[in-house]
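To keep things clear, I will list the structure first and then write my remarks on it.
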Amino acid sequence: MSIQIHGGDIYRNKGVLDFSVNSNPLGAPETVLEAVREAAKDIVHYPDIYCESLLEAVSRFEGVGSEELLCGNGAAELFFAVVFAVKPKKALLLSPSFLEYERALKAVDAGITYHILTEENGFEVDESLLEAITPELDILFLCNPNNPTGCVIEKGLLKAVLKRCRANGVLLVLDECFLDFLEEPQMYEMKDVRGRYEELLIIKAFTKLFAVPGLRLGYGICGNRRLLQKMQGILQPWNVSVPAQAGGAAALTDCGEYRVEQYIKDTREYVSRERSYLADVLEKQGFRVYNSKANYVFFYGAPGLYEKALKAGFLIRDCGGYRGLSPGYYRIAVRKHEENERLTAWLRGS
């Protein structure tokens with residue numbers, strides 16, 4: 001069986017329990033589901049091309065101006081948009097990291113240099129990254145926490161990276177799609193420096209935190225309005241659907257018993273507890289577990305575990321297809337406790 005490009009292939013794996021996609025185990029808020037159902041009657045109309053209600057909600061949630069935001073059909077669309085807007089000749093990527101950065105860069109024939117994260121260092125990002133940022137580069141993609149390892153990059157190092165990018169004329173695209181799962185995301189988030197660094201573009205998504213990957217909704221935060229305008233010019237009109245705009249605005253708006261901050265607080269506490277539970281079981285079963293801070297666990301087992309898990313009814317993420325990783329590396333999402341127990345019971349008996 002060939003290794004999948006992404007997780008979540010429930011369409012060719014019917015009836016499995018999906019641990020390959022890292023969405024919020026608490027599920028989409030009911031207010032979001034209701035907003036999507038209500039918006040269905042408006043699909044006879046084109047979406048708001050300016051995403052005004054959605055941008056207002058994101059602006060309020062993030063504490064940034066709406067003119068510093070750009071909405072997209074998922075974070076992936078924005079990765080492609082910035083690459084097509086900038087047309088970089090040479091890029092720097094971490095290895096391993098999210099596969100869509102490389103796909104976007106190859107679409108414009110950019111040359112790619114890889115900064116290798118080593119198993120000996122626990123796949124952590126350290127100051128050696130700074131030396132790899134040179135004047136020959138045009139763009140650098142970073143993911144914090146990194147995907148698939150879940151390791152975080154300290155804010156002090158990120159600031160040093162930004163300074164190095166400025167000195168060398170490099171655009172930093174910072175993927176923070178998993179940041180809100182951290183117990184203290186404010187220790188790592190970088191939006192507070194956006195006004196001082198036009199070299200910084202932050203990408204976030206509703207996909208993971210609000211468990212709506214099927215809606216396809218992401219947004220960029222940037223103090224460089226010229227860059228956002230160029231990206232906007234790349235995107236097709238009406239790229240964010242009526243249900244996506246309605247669901248996104250609802251996710252970020254207090255309504256009835258639903259309180260956004262409480263939902264996020266509950267999510268962080270649940271994810272932290274269940275991640276620890278999964279990691280503990282994996283370690284006791286002899287797997288090598290790495291220091292993930294996100295809503296997933298990254299570990300080394302043995303080649304063939306993906307196929308064995310699939311036969312047992314569990315879809316896990318085989319990471320052997322990531323650049324820099326060999327067969328035997330896997331990632332599993334944090335799910336509801338009873339579902340996590342089903343997987344760990346199988347692992348204990350496998």
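Just remember, in the structure tokens the first chain shown is A, the second B, etc., residues are 1-based per chain, and ligands are 1-based in the order shown.
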
Original post:
Could you pull the residues within 7 Å of segment 277-289 of chain A, counting only C-alpha atoms, minus those fewer than 5 positions along the same chain, as an NGL selection string?
Top reply: :A and (297-301 or 344 or 348)

Those residues you just picked out, can you put them in a file as a CSV table (one decimal), in the first residue's frame with C-alpha atoms?
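Once written, out-v3.csv looks like this:
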```
chain,number,residue,atom,x,y,z
A,297,VAL,CA,1.5,12.4,19.5
A,298,PHE,CA,4.5,11.7,17.3
A,299,PHE,CA,6.4,8.4,17.9
A,300,TYR,CA,8.6,5.7,16.4
A,301,GLY,CA,7.4,2.2,16.3
A,344,THR,CA,-4.4,1.8,23.4
A,348,ARG,CA,-1.3,-3.3,24.3
```

**OP:** Identify, with DSSP run on backbone atoms, the residues in segment 177-271 of chain A assigned to alpha helix (DSSP H), and express the list as a PyMOL selection string.
**Re:** chain A and resi 206-209+225-234+242-251+260-271

**OP:** Name all residues at most 10 Å from Ile49 of chain A (count only C-alpha atoms; drop same-chain ones fewer than 3 positions away) and give them as a count of residues only.
**Re:** 9

List the neighbours of Arg268 of chain A out to 7 Å using only C-alpha atoms; skip same-chain residues closer than 4 positions along the sequence, and give me the result as a CSV table (one decimal) with N, CA and C atoms, in the first residue's frame.
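So selection_35.csv came out as:
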```csv
chain,number,residue,atom,x,y,z
A,181,PHE,N,-3.8,25.0,20.5
A,181,PHE,CA,-4.0,23.9,21.3
A,181,PHE,C,-2.9,23.9,22.5
A,182,LEU,N,-1.9,24.7,22.4
A,182,LEU,CA,-0.9,24.8,23.5
A,182,LEU,C,-1.6,25.3,24.8
A,183,GLU,N,-1.0,24.9,25.9
A,183,GLU,CA,-1.6,25.3,27.2
A,183,GLU,C,-1.3,26.8,27.4
A,264,ILE,N,-12.3,27.0,24.1
A,264,ILE,CA,-10.9,26.9,23.9
A,264,ILE,C,-10.2,26.4,25.2
A,272,SER,N,-4.4,18.3,26.7
A,272,SER,CA,-3.3,18.1,27.5
A,272,SER,C,-3.4,16.8,28.3
```

Subject >> Contacts of Pro88 of chain A at 10 Å (only C-alpha atoms; same-chain gap of 4+ positions) as a ChimeraX atom specification >> reply: /A:82-84,105,108-112,137-140,170-171

Same residues, C-alpha atoms, output as a PDB file, in the first residue's frame:
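File produced: selection_7.pdb:
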```pdb
ATOM      1  CA  VAL A  82       1.765  33.726  -0.940  1.00  0.00           C
ATOM      2  CA  VAL A  83       4.074  31.611  -3.103  1.00  0.00           C
ATOM      3  CA  PHE A  84       2.367  32.742  -6.307  1.00  0.00           C
ATOM      4  CA  LEU A 105       6.937  25.991  -3.834  1.00  0.00           C
ATOM      5  CA  VAL A 108       6.469  27.944  -9.078  1.00  0.00           C
ATOM      6  CA  ASP A 109       9.673  25.933  -9.635  1.00  0.00           C
ATOM      7  CA  ALA A 110      11.363  27.409  -6.583  1.00  0.00           C
ATOM      8  CA  GLY A 111      14.647  25.905  -5.504  1.00  0.00           C
ATOM      9  CA  ILE A 112      14.326  24.403  -2.024  1.00  0.00           C
ATOM     10  CA  LEU A 137      16.830  32.917   0.174  1.00  0.00           C
ATOM     11  CA  ASP A 138      13.511  34.584  -0.630  1.00  0.00           C
ATOM     12  CA  ILE A 139      11.128  32.760   1.692  1.00  0.00           C
ATOM     13  CA  LEU A 140      11.144  30.559   4.811  1.00  0.00           C
ATOM     14  CA  VAL A 170      13.606  36.871   3.504  1.00  0.00           C
ATOM     15  CA  LEU A 171       9.848  36.516   4.011  1.00  0.00           C
TER      16      LEU A 171
END
```

**OP:** Could you check which of A:Lys336, A:Arg259, A:Lys293, A:Lys208 is closest to Asn22 of chain A, using only C-alpha atoms?
**Re:** A:Lys208

Contact check, segment 68-96 of chain A to segment 320-324 of chain A, at most 10 Å, counting only C-alpha atoms, closest pairs as a tab-separated table:
```
residue	atom	partner	partner_atom	distance
A:Leu94	CA	A:Gly324	CA	9.1
A:Ser95	CA	A:Gly324	CA	5.4
A:Pro96	CA	A:Gly324	CA	5.3
```

Could those residues be written to a file, using N, CA and C atoms, as an mmCIF file, in the first residue's frame?
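again.cif, freshly written:
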```
data_model
loop_
_atom_site.group_PDB
_atom_site.id
_atom_site.type_symbol
_atom_site.label_atom_id
_atom_site.label_comp_id
_atom_site.auth_asym_id
_atom_site.auth_seq_id
_atom_site.Cartn_x
_atom_site.Cartn_y
_atom_site.Cartn_z
ATOM 1 N N LEU A 94 11.938 23.373 6.851
ATOM 2 C CA LEU A 94 12.364 22.383 7.822
ATOM 3 C C LEU A 94 12.090 20.995 7.259
ATOM 4 N N SER A 95 12.863 20.037 7.719
ATOM 5 C CA SER A 95 12.643 18.648 7.320
ATOM 6 C C SER A 95 12.795 17.774 8.552
ATOM 7 N N PRO A 96 11.672 17.143 9.028
ATOM 8 C CA PRO A 96 10.350 17.084 8.404
ATOM 9 C C PRO A 96 9.476 18.268 8.789
#
```

Contacts of Glu77 of chain A within 12 Å, only C-alpha atoms, excl. fewer than 2 positions in-chain, as a CSV table (one decimal) with N, CA, C and O atoms, in the first residue's frame:
```csv
chain,number,residue,atom,x,y,z
A,70,LEU,N,-6.6,38.3,5.8
A,70,LEU,CA,-7.0,37.8,4.5
A,70,LEU,C,-7.5,36.4,4.7
A,70,LEU,O,-6.8,35.5,5.3
A,71,CYS,N,-8.7,36.1,4.2
A,71,CYS,CA,-9.4,34.8,4.4
A,71,CYS,C,-9.1,33.9,3.2
A,71,CYS,O,-9.0,34.4,2.1
A,72,GLY,N,-9.0,32.6,3.5
A,72,GLY,CA,-8.8,31.7,2.4
A,72,GLY,C,-9.6,30.4,2.5
A,72,GLY,O,-10.1,30.1,3.6
A,73,ASN,N,-9.6,29.6,1.5
A,73,ASN,CA,-10.3,28.3,1.4
A,73,ASN,C,-9.4,27.3,2.1
A,73,ASN,O,-8.8,26.5,1.4
A,74,GLY,N,-9.2,27.5,3.4
A,74,GLY,CA,-8.3,26.7,4.2
A,74,GLY,C,-6.9,27.3,4.2
A,74,GLY,O,-6.6,28.2,3.3
A,75,ALA,N,-6.1,26.9,5.1
A,75,ALA,CA,-4.7,27.5,5.2
A,75,ALA,C,-3.9,27.1,4.0
A,75,ALA,O,-3.1,27.9,3.5
A,79,PHE,N,-1.1,29.3,1.6
A,79,PHE,CA,0.3,28.9,1.3
A,79,PHE,C,0.6,29.0,-0.2
A,79,PHE,O,1.7,29.6,-0.6
A,80,PHE,N,-0.3,28.6,-1.0
A,80,PHE,CA,-0.1,28.7,-2.4
A,80,PHE,C,-0.2,30.1,-2.9
A,80,PHE,O,0.5,30.6,-3.7
A,81,ALA,N,-1.1,30.9,-2.3
A,81,ALA,CA,-1.3,32.3,-2.6
A,81,ALA,C,-0.1,33.1,-2.4
A,81,ALA,O,0.3,33.9,-3.2
A,82,VAL,N,0.6,32.9,-1.2
A,82,VAL,CA,1.8,33.7,-0.9
A,82,VAL,C,2.9,33.3,-1.9
A,82,VAL,O,3.7,34.2,-2.3
A,83,VAL,N,3.0,32.1,-2.2
A,83,VAL,CA,4.1,31.6,-3.1
A,83,VAL,C,3.9,32.2,-4.5
A,83,VAL,O,4.8,32.7,-5.1
A,84,PHE,N,2.6,32.2,-5.0
A,84,PHE,CA,2.4,32.7,-6.3
A,84,PHE,C,2.5,34.3,-6.3
A,84,PHE,O,2.8,34.9,-7.3
A,100,GLU,N,2.5,20.6,2.4
A,100,GLU,CA,2.0,21.5,1.5
A,100,GLU,C,2.9,22.7,1.2
A,100,GLU,O,2.8,23.3,0.1
A,101,TYR,N,3.8,23.0,2.0
A,101,TYR,CA,4.8,24.1,1.7
A,101,TYR,C,5.6,23.7,0.5
A,101,TYR,O,5.8,24.5,-0.4
A,103,ARG,N,4.9,21.5,-1.8
A,103,ARG,CA,4.0,21.4,-3.0
A,103,ARG,C,3.8,22.8,-3.6
A,103,ARG,O,3.8,23.0,-4.8
A,104,ALA,N,3.5,23.8,-2.7
A,104,ALA,CA,3.3,25.1,-3.2
A,104,ALA,C,4.5,25.7,-3.9
A,104,ALA,O,4.5,26.3,-5.0
A,203,ILE,N,-0.2,32.4,9.3
A,203,ILE,CA,-1.3,31.6,8.8
A,203,ILE,C,-2.0,30.8,9.9
A,203,ILE,O,-1.3,30.1,10.6
A,204,LYS,N,-3.3,30.9,10.0
A,204,LYS,CA,-4.0,30.1,10.9
A,204,LYS,C,-5.3,29.6,10.2
A,204,LYS,O,-5.6,29.9,9.1
A,205,ALA,N,-5.9,28.6,10.9
A,205,ALA,CA,-7.1,28.0,10.3
A,205,ALA,C,-8.1,27.6,11.3
A,205,ALA,O,-7.8,27.4,12.5
A,216,ARG,N,-13.3,24.1,5.0
A,216,ARG,CA,-12.2,24.8,4.4
A,216,ARG,C,-12.1,26.3,4.7
A,216,ARG,O,-12.7,27.1,3.9
A,217,LEU,N,-11.5,26.7,5.7
A,217,LEU,CA,-11.4,28.1,6.1
A,217,LEU,C,-10.2,28.4,6.9
A,217,LEU,O,-9.9,27.8,7.9
A,218,GLY,N,-9.4,29.3,6.4
A,218,GLY,CA,-8.2,29.8,7.0
A,218,GLY,C,-8.0,31.3,6.9
A,218,GLY,O,-8.8,31.9,6.2
A,219,TYR,N,-7.0,31.8,7.6
A,219,TYR,CA,-6.8,33.3,7.4
A,219,TYR,C,-5.3,33.6,7.6
A,219,TYR,O,-4.6,32.9,8.4
A,220,GLY,N,-4.9,34.7,7.0
A,220,GLY,CA,-3.6,35.2,7.2
A,220,GLY,C,-3.6,36.5,8.0
A,220,GLY,O,-4.5,37.3,7.9
A,231,MET,N,-1.6,38.8,-2.6
A,231,MET,CA,-2.2,37.5,-2.4
A,231,MET,C,-3.6,37.5,-2.7
A,231,MET,O,-4.1,36.6,-3.3
A,232,GLN,N,-4.3,38.6,-2.4
A,232,GLN,CA,-5.8,38.7,-2.7
A,232,GLN,C,-6.0,38.7,-4.2
A,232,GLN,O,-6.9,38.1,-4.7
A,234,ILE,N,-4.2,37.0,-6.3
A,234,ILE,CA,-4.0,35.6,-6.7
A,234,ILE,C,-5.2,34.8,-6.5
A,234,ILE,O,-5.5,33.9,-7.4
A,235,LEU,N,-5.9,35.0,-5.4
A,235,LEU,CA,-7.1,34.2,-5.1
A,235,LEU,C,-8.2,34.4,-6.1
A,235,LEU,O,-8.5,35.5,-6.6
A,236,GLN,N,-8.9,33.3,-6.3
A,236,GLN,CA,-10.1,33.4,-7.1
A,236,GLN,C,-11.2,34.1,-6.4
A,236,GLN,O,-11.3,34.1,-5.1
A,239,ASN,N,-13.8,32.8,-3.0
A,239,ASN,CA,-13.1,31.6,-2.6
A,239,ASN,C,-13.6,31.0,-1.2
A,239,ASN,O,-13.3,29.8,-0.9
A,240,VAL,N,-14.3,31.8,-0.4
A,240,VAL,CA,-14.8,31.3,0.9
A,240,VAL,C,-16.3,31.2,0.8
A,240,VAL,O,-17.0,32.2,0.6
```

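Taking atom CA of Ala57 of chain A and atom CA of Gly247 of chain A as endpoints, the distance between them is 10.9 Å.
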
**OP:** Taking the chain letters and numbering used in this document, name the residues of segment 122-325 of chain A that DSSP puts in strand (DSSP E or B), as a ChimeraX atom specification.
**Re:** /A:139-143,171-175,200-205,218-222,255,258,288-289,296-300,314-315,317-318

Excluding Lys155 of chain A and residues on its chain fewer than 5 positions from it, collect all residues at most 10 Å away from it, counting only C-alpha atoms, and give them as a PDB file with all heavy atoms, in the first residue's frame.
```
ATOM      1  N   ASN A 144       4.621  26.173  13.794  1.00  0.00           N
ATOM      2  CA  ASN A 144       4.794  26.187  15.244  1.00  0.00           C
ATOM      3  C   ASN A 144       3.450  26.007  15.956  1.00  0.00           C
ATOM      4  O   ASN A 144       2.605  26.892  15.906  1.00  0.00           O
ATOM      5  CB  ASN A 144       5.428  27.511  15.690  1.00  0.00           C
ATOM      6  CG  ASN A 144       6.000  27.435  17.083  1.00  0.00           C
ATOM      7  OD1 ASN A 144       6.457  26.390  17.528  1.00  0.00           O
ATOM      8  ND2 ASN A 144       5.990  28.560  17.779  1.00  0.00           N
ATOM      9  N   ALA A 160      14.595  35.949  16.859  1.00  0.00           N
ATOM     10  CA  ALA A 160      15.932  35.950  16.248  1.00  0.00           C
ATOM     11  C   ALA A 160      15.845  35.572  14.775  1.00  0.00           C
ATOM     12  O   ALA A 160      16.562  36.130  13.931  1.00  0.00           O
ATOM     13  CB  ALA A 160      16.845  34.988  17.004  1.00  0.00           C
ATOM     14  N   VAL A 161      14.964  34.624  14.465  1.00  0.00           N
ATOM     15  CA  VAL A 161      14.748  34.232  13.068  1.00  0.00           C
ATOM     16  C   VAL A 161      14.215  35.416  12.266  1.00  0.00           C
ATOM     17  O   VAL A 161      14.676  35.686  11.146  1.00  0.00           O
ATOM     18  CB  VAL A 161      13.769  33.042  12.992  1.00  0.00           C
ATOM     19  CG1 VAL A 161      13.273  32.835  11.559  1.00  0.00           C
ATOM     20  CG2 VAL A 161      14.442  31.771  13.485  1.00  0.00           C
ATOM     21  N   GLN A 186       0.175  32.112  24.274  1.00  0.00           N
ATOM     22  CA  GLN A 186       0.686  33.480  24.277  1.00  0.00           C
ATOM     23  C   GLN A 186       2.208  33.510  24.434  1.00  0.00           C
ATOM     24  O   GLN A 186       2.841  34.511  24.094  1.00  0.00           O
ATOM     25  CB  GLN A 186       0.021  34.307  25.379  1.00  0.00           C
ATOM     26  CG  GLN A 186       0.351  33.891  26.796  1.00  0.00           C
ATOM     27  CD  GLN A 186      -0.489  32.726  27.298  1.00  0.00           C
ATOM     28  OE1 GLN A 186      -1.282  32.142  26.557  1.00  0.00           O
ATOM     29  NE2 GLN A 186      -0.317  32.386  28.571  1.00  0.00           N
ATOM     30  N   MET A 187       2.783  32.430  24.939  1.00  0.00           N
ATOM     31  CA  MET A 187       4.237  32.367  25.086  1.00  0.00           C
ATOM     32  C   MET A 187       4.943  32.173  23.750  1.00  0.00           C
ATOM     33  O   MET A 187       6.160  32.362  23.650  1.00  0.00           O
ATOM     34  CB  MET A 187       4.623  31.224  26.025  1.00  0.00           C
ATOM     35  CG  MET A 187       4.196  31.421  27.475  1.00  0.00           C
ATOM     36  SD  MET A 187       4.664  30.002  28.509  1.00  0.00           S
ATOM     37  CE  MET A 187       6.452  29.968  28.270  1.00  0.00           C
ATOM     38  N   TYR A 188       4.181  31.823  22.712  1.00  0.00           N
ATOM     39  CA  TYR A 188       4.785  31.495  21.422  1.00  0.00           C
ATOM     40  C   TYR A 188       4.237  32.319  20.255  1.00  0.00           C
ATOM     41  O   TYR A 188       4.896  32.449  19.237  1.00  0.00           O
ATOM     42  CB  TYR A 188       4.565  30.008  21.116  1.00  0.00           C
ATOM     43  CG  TYR A 188       5.070  29.089  22.193  1.00  0.00           C
ATOM     44  CD1 TYR A 188       4.231  28.637  23.204  1.00  0.00           C
ATOM     45  CD2 TYR A 188       6.400  28.678  22.206  1.00  0.00           C
ATOM     46  CE1 TYR A 188       4.699  27.797  24.209  1.00  0.00           C
ATOM     47  CE2 TYR A 188       6.876  27.838  23.203  1.00  0.00           C
ATOM     48  CZ  TYR A 188       6.022  27.400  24.203  1.00  0.00           C
ATOM     49  OH  TYR A 188       6.493  26.575  25.191  1.00  0.00           O
ATOM     50  N   GLU A 189       3.022  32.864  20.401  1.00  0.00           N
ATOM     51  CA  GLU A 189       2.411  33.548  19.258  1.00  0.00           C
ATOM     52  C   GLU A 189       3.192  34.810  18.903  1.00  0.00           C
ATOM     53  O   GLU A 189       3.805  35.448  19.758  1.00  0.00           O
ATOM     54  CB  GLU A 189       0.949  33.877  19.548  1.00  0.00           C
ATOM     55  CG  GLU A 189       0.728  34.877  20.662  1.00  0.00           C
ATOM     56  CD  GLU A 189      -0.749  35.081  20.971  1.00  0.00           C
ATOM     57  OE1 GLU A 189      -1.589  34.339  20.421  1.00  0.00           O
ATOM     58  OE2 GLU A 189      -1.055  35.976  21.771  1.00  0.00           O
ATOM     59  N   MET A 190       3.119  35.156  17.600  1.00  0.00           N
ATOM     60  CA  MET A 190       3.963  36.238  17.083  1.00  0.00           C
ATOM     61  C   MET A 190       3.190  37.416  16.512  1.00  0.00           C
ATOM     62  O   MET A 190       3.788  38.339  15.961  1.00  0.00           O
ATOM     63  CB  MET A 190       4.885  35.659  16.007  1.00  0.00           C
ATOM     64  CG  MET A 190       5.922  34.680  16.528  1.00  0.00           C
ATOM     65  SD  MET A 190       7.184  35.470  17.553  1.00  0.00           S
ATOM     66  CE  MET A 190       8.148  36.290  16.286  1.00  0.00           C
TER      67      MET A 190
END
```
